[in-house]
$ cat final35.pdb   # PDB, C-alpha atoms
ATOM      1  CA  MET A   1      10.457  -3.191  -6.451  1.00  0.00           C
ATOM      2  CA  ARG A   2       7.280  -1.222  -7.219  1.00  0.00           C
ATOM      3  CA  THR A   3       5.168  -3.820  -5.419  1.00  0.00           C
ATOM      4  CA  ARG A   4       7.332  -3.477  -2.289  1.00  0.00           C
ATOM      5  CA  PHE A   5       6.704   0.266  -2.094  1.00  0.00           C
ATOM      6  CA  VAL A   6       3.004  -0.119  -2.874  1.00  0.00           C
ATOM      7  CA  ILE A   7       2.583  -2.674  -0.109  1.00  0.00           C
ATOM      8  CA  LEU A   8       4.499  -0.408   2.266  1.00  0.00           C
ATOM      9  CA  ILE A   9       2.159   2.488   1.522  1.00  0.00           C
ATOM     10  CA  VAL A  10      -1.008   0.443   1.772  1.00  0.00           C
ATOM     11  CA  LEU A  11       0.068  -0.971   5.116  1.00  0.00           C
ATOM     12  CA  ALA A  12       1.139   2.443   6.390  1.00  0.00           C
ATOM     13  CA  LEU A  13      -2.225   3.944   5.471  1.00  0.00           C
ATOM     14  CA  ALA A  14      -4.350   1.074   6.762  1.00  0.00           C
ATOM     15  CA  PRO A  15      -5.788   1.355  10.277  1.00  0.00           C
ATOM     16  CA  ILE A  16      -3.934  -0.755  12.833  1.00  0.00           C
ATOM     17  CA  ARG A  17      -6.357  -3.204  14.435  1.00  0.00           C
ATOM     18  CA  HIS A  18      -4.094  -5.740  16.121  1.00  0.00           C
ATOM     19  CA  ALA A  19      -1.493  -5.529  18.853  1.00  0.00           C
ATOM     20  CA  ALA A  20       2.056  -5.240  17.542  1.00  0.00           C
ATOM     21  CA  ALA A  21       3.122  -8.331  19.513  1.00  0.00           C
ATOM     22  CA  GLU A  22       0.609 -10.573  17.724  1.00  0.00           C
ATOM     23  CA  PRO A  23       2.382 -13.239  15.648  1.00  0.00           C
ATOM     24  CA  ARG A  24       2.358 -12.842  11.872  1.00  0.00           C
ATOM     25  CA  HIS A  25       0.759 -15.410   9.550  1.00  0.00           C
ATOM     26  CA  CYS A  26       1.297 -14.937   5.825  1.00  0.00           C
ATOM     27  CA  LEU A  27      -1.510 -16.235   3.663  1.00  0.00           C
ATOM     28  CA  SER A  28      -1.009 -18.966   1.106  1.00  0.00           C
ATOM     29  CA  PRO A  29      -2.222 -18.336  -2.452  1.00  0.00           C
ATOM     30  CA  ASP A  30      -5.407 -20.303  -1.691  1.00  0.00           C
ATOM     31  CA  GLU A  31      -6.026 -18.335   1.522  1.00  0.00           C
ATOM     32  CA  ARG A  32      -5.530 -15.068  -0.412  1.00  0.00           C
ATOM     33  CA  ARG A  33      -8.126 -16.127  -3.003  1.00  0.00           C
ATOM     34  CA  GLN A  34     -10.566 -17.027  -0.217  1.00  0.00           C
ATOM     35  CA  ALA A  35     -10.005 -13.661   1.485  1.00  0.00           C
ATOM     36  CA  VAL A  36     -10.744 -11.847  -1.792  1.00  0.00           C
ATOM     37  CA  LYS A  37     -13.912 -13.903  -2.343  1.00  0.00           C
ATOM     38  CA  ALA A  38     -15.035 -13.156   1.235  1.00  0.00           C
ATOM     39  CA  HIS A  39     -14.465  -9.397   0.638  1.00  0.00           C
ATOM     40  CA  LYS A  40     -11.969  -9.245   3.510  1.00  0.00           C
ATOM     41  CA  LEU A  41      -9.564  -7.140   1.451  1.00  0.00           C
ATOM     42  CA  VAL A  42      -9.269  -4.978  -1.595  1.00  0.00           C
ATOM     43  CA  PRO A  43      -6.966  -6.645  -4.145  1.00  0.00           C
ATOM     44  CA  LEU A  44      -3.839  -4.541  -4.564  1.00  0.00           C
ATOM     45  CA  GLY A  45      -4.486  -4.115  -8.267  1.00  0.00           C
ATOM     46  CA  ARG A  46      -7.822  -2.459  -7.478  1.00  0.00           C
ATOM     47  CA  ALA A  47      -6.615  -0.371  -4.544  1.00  0.00           C
ATOM     48  CA  ILE A  48      -3.648   1.164  -6.346  1.00  0.00           C
ATOM     49  CA  ARG A  49      -5.067   3.491  -8.942  1.00  0.00           C
ATOM     50  CA  ARG A  50      -1.876   5.115 -10.211  1.00  0.00           C
ATOM     51  CA  VAL A  51       1.877   4.975  -9.613  1.00  0.00           C
ATOM     52  CA  ARG A  52       4.204   7.599 -11.060  1.00  0.00           C
ATOM     53  CA  LEU A  53       7.950   8.001 -10.721  1.00  0.00           C
ATOM     54  CA  CYS A  54       8.707  11.711 -10.353  1.00  0.00           C
ATOM     55  CA  GLU A  55      11.702  13.924  -9.686  1.00  0.00           C
ATOM     56  CA  GLN A  56      11.598  16.483  -6.904  1.00  0.00           C
ATOM     57  CA  GLY A  57      14.849  18.377  -6.744  1.00  0.00           C
ATOM     58  CA  LYS A  58      17.556  15.709  -6.684  1.00  0.00           C
ATOM     59  CA  HIS A  59      15.215  13.014  -5.346  1.00  0.00           C
ATOM     60  CA  LEU A  60      13.173  10.391  -7.156  1.00  0.00           C
ATOM     61  CA  LEU A  61       9.745   9.765  -5.649  1.00  0.00           C
ATOM     62  CA  TYR A  62       7.022   7.219  -6.198  1.00  0.00           C
ATOM     63  CA  VAL A  63       3.770   9.182  -6.212  1.00  0.00           C
ATOM     64  CA  LEU A  64       0.877   6.848  -5.444  1.00  0.00           C
ATOM     65  CA  THR A  65      -2.863   7.292  -5.763  1.00  0.00           C
ATOM     66  CA  VAL A  66      -4.666   4.718  -3.621  1.00  0.00           C
ATOM     67  CA  LEU A  67      -8.393   4.033  -3.409  1.00  0.00           C
ATOM     68  CA  PRO A  68      -9.004   2.067  -0.208  1.00  0.00           C
ATOM     69  CA  ARG A  69     -12.265   0.360   0.662  1.00  0.00           C
ATOM     70  CA  SER A  70     -13.463   3.553   2.378  1.00  0.00           C
ATOM     71  CA  GLY A  71     -13.650   5.151  -1.067  1.00  0.00           C
ATOM     72  CA  LYS A  72     -11.580   8.158  -0.001  1.00  0.00           C
ATOM     73  CA  VAL A  73      -8.713   8.749  -2.440  1.00  0.00           C
ATOM     74  CA  VAL A  74      -5.324   8.836  -0.730  1.00  0.00           C
ATOM     75  CA  HIS A  75      -2.163  10.316  -2.228  1.00  0.00           C
ATOM     76  CA  ALA A  76       1.255   9.314  -0.942  1.00  0.00           C
ATOM     77  CA  SER A  77       4.856  10.000  -1.891  1.00  0.00           C
ATOM     78  CA  VAL A  78       7.632   7.533  -1.178  1.00  0.00           C
ATOM     79  CA  ASP A  79      11.353   8.174  -1.566  1.00  0.00           C
ATOM     80  CA  ALA A  80      12.329   5.790  -4.385  1.00  0.00           C
ATOM     81  CA  ALA A  81      15.869   5.323  -3.034  1.00  0.00           C
ATOM     82  CA  THR A  82      15.023   4.508   0.586  1.00  0.00           C
ATOM     83  CA  GLY A  83      11.346   3.483   0.635  1.00  0.00           C
ATOM     84  CA  ALA A  84      10.658   6.097   3.311  1.00  0.00           C
ATOM     85  CA  MET A  85       7.273   7.762   3.211  1.00  0.00           C
ATOM     86  CA  VAL A  86       7.693  11.446   2.355  1.00  0.00           C
ATOM     87  CA  SER A  87       4.070  12.569   2.520  1.00  0.00           C
ATOM     88  CA  GLY A  88       0.541  11.226   2.507  1.00  0.00           C
ATOM     89  CA  SER A  89      -3.007  12.496   2.652  1.00  0.00           C
TER
END
$ encode --input "final35.pdb" --output "structure tokens"
Amino acid sequence: MRTRFVILIVLALAPIRHAAAEPRHCLSPDERRQAVKAHKLVPLGRAIRRVRLCEQGKHLLYVLTVLPRSGKVVHASVDAATGAMVSGS
């Protein structure tokens, strides 16, 4: 479950470079390893610096600290019940 929210945040914060109508191709494990070796991506384990589960009022939130390739730290909050992004910087 945590991975789903982390991926959601990383994708939401990443710049969109392709047209929305472009077909999707999911990488195989071998293709993922090659992409990492070619420095085409930041492995999720390195990009996600911290994940906390916090209460805000009656809501549970995932509070994420992400360090993308740009080096600028990004903070994001995701509603733990719905997966909706609550805030991000």
$ residues_near_point --input "final35.pdb" --point "(-4.6, -8.3, 0.7)" --cutoff "10 Å" --atoms "all atoms listed in the file" --output "CSV table (one decimal) with C-alpha atoms, in the frame of the given file"
chain,number,residue,atom,x,y,z
A,7,ILE,CA,2.6,-2.7,-0.1
A,10,VAL,CA,-1.0,0.4,1.8
A,11,LEU,CA,0.1,-1.0,5.1
A,27,LEU,CA,-1.5,-16.2,3.7
A,32,ARG,CA,-5.5,-15.1,-0.4
A,33,ARG,CA,-8.1,-16.1,-3.0
A,35,ALA,CA,-10.0,-13.7,1.5
A,36,VAL,CA,-10.7,-11.8,-1.8
A,39,HIS,CA,-14.5,-9.4,0.6
A,40,LYS,CA,-12.0,-9.2,3.5
A,41,LEU,CA,-9.6,-7.1,1.5
A,42,VAL,CA,-9.3,-5.0,-1.6
A,43,PRO,CA,-7.0,-6.6,-4.1
A,44,LEU,CA,-3.8,-4.5,-4.6
A,45,GLY,CA,-4.5,-4.1,-8.3
A,47,ALA,CA,-6.6,-0.4,-4.5
$ atom_distance --input "final35.pdb" --atom1 "CA of Val66 (chain A)" --atom2 "CA of Arg50 (chain A)"
7.2 Å
$ atom_distance --input "final35.pdb" --atom1 "CA of Thr82 (chain A)" --atom2 "CA of Arg69 (chain A)"
27.6 Å
$ atom_distance --input "final35.pdb" --atom1 "CA of Leu61 (chain A)" --atom2 "CA of Ala80 (chain A)"
4.9 Å
$ resolve_selection --input "final35.pdb" --expression "the PyMOL selection byres ((chain A and resi 56) around 12)" --output "MDAnalysis selection string"
chainID A and resid 53:55 57:63 77:80 86
$ residues_near_point --input "final35.pdb" --point "(-1.3, 5.0, -3.4)" --cutoff "6 Å" --atoms "all atoms listed in the file" --output "ChimeraX atom specification"
/A:48,64-66,75-76
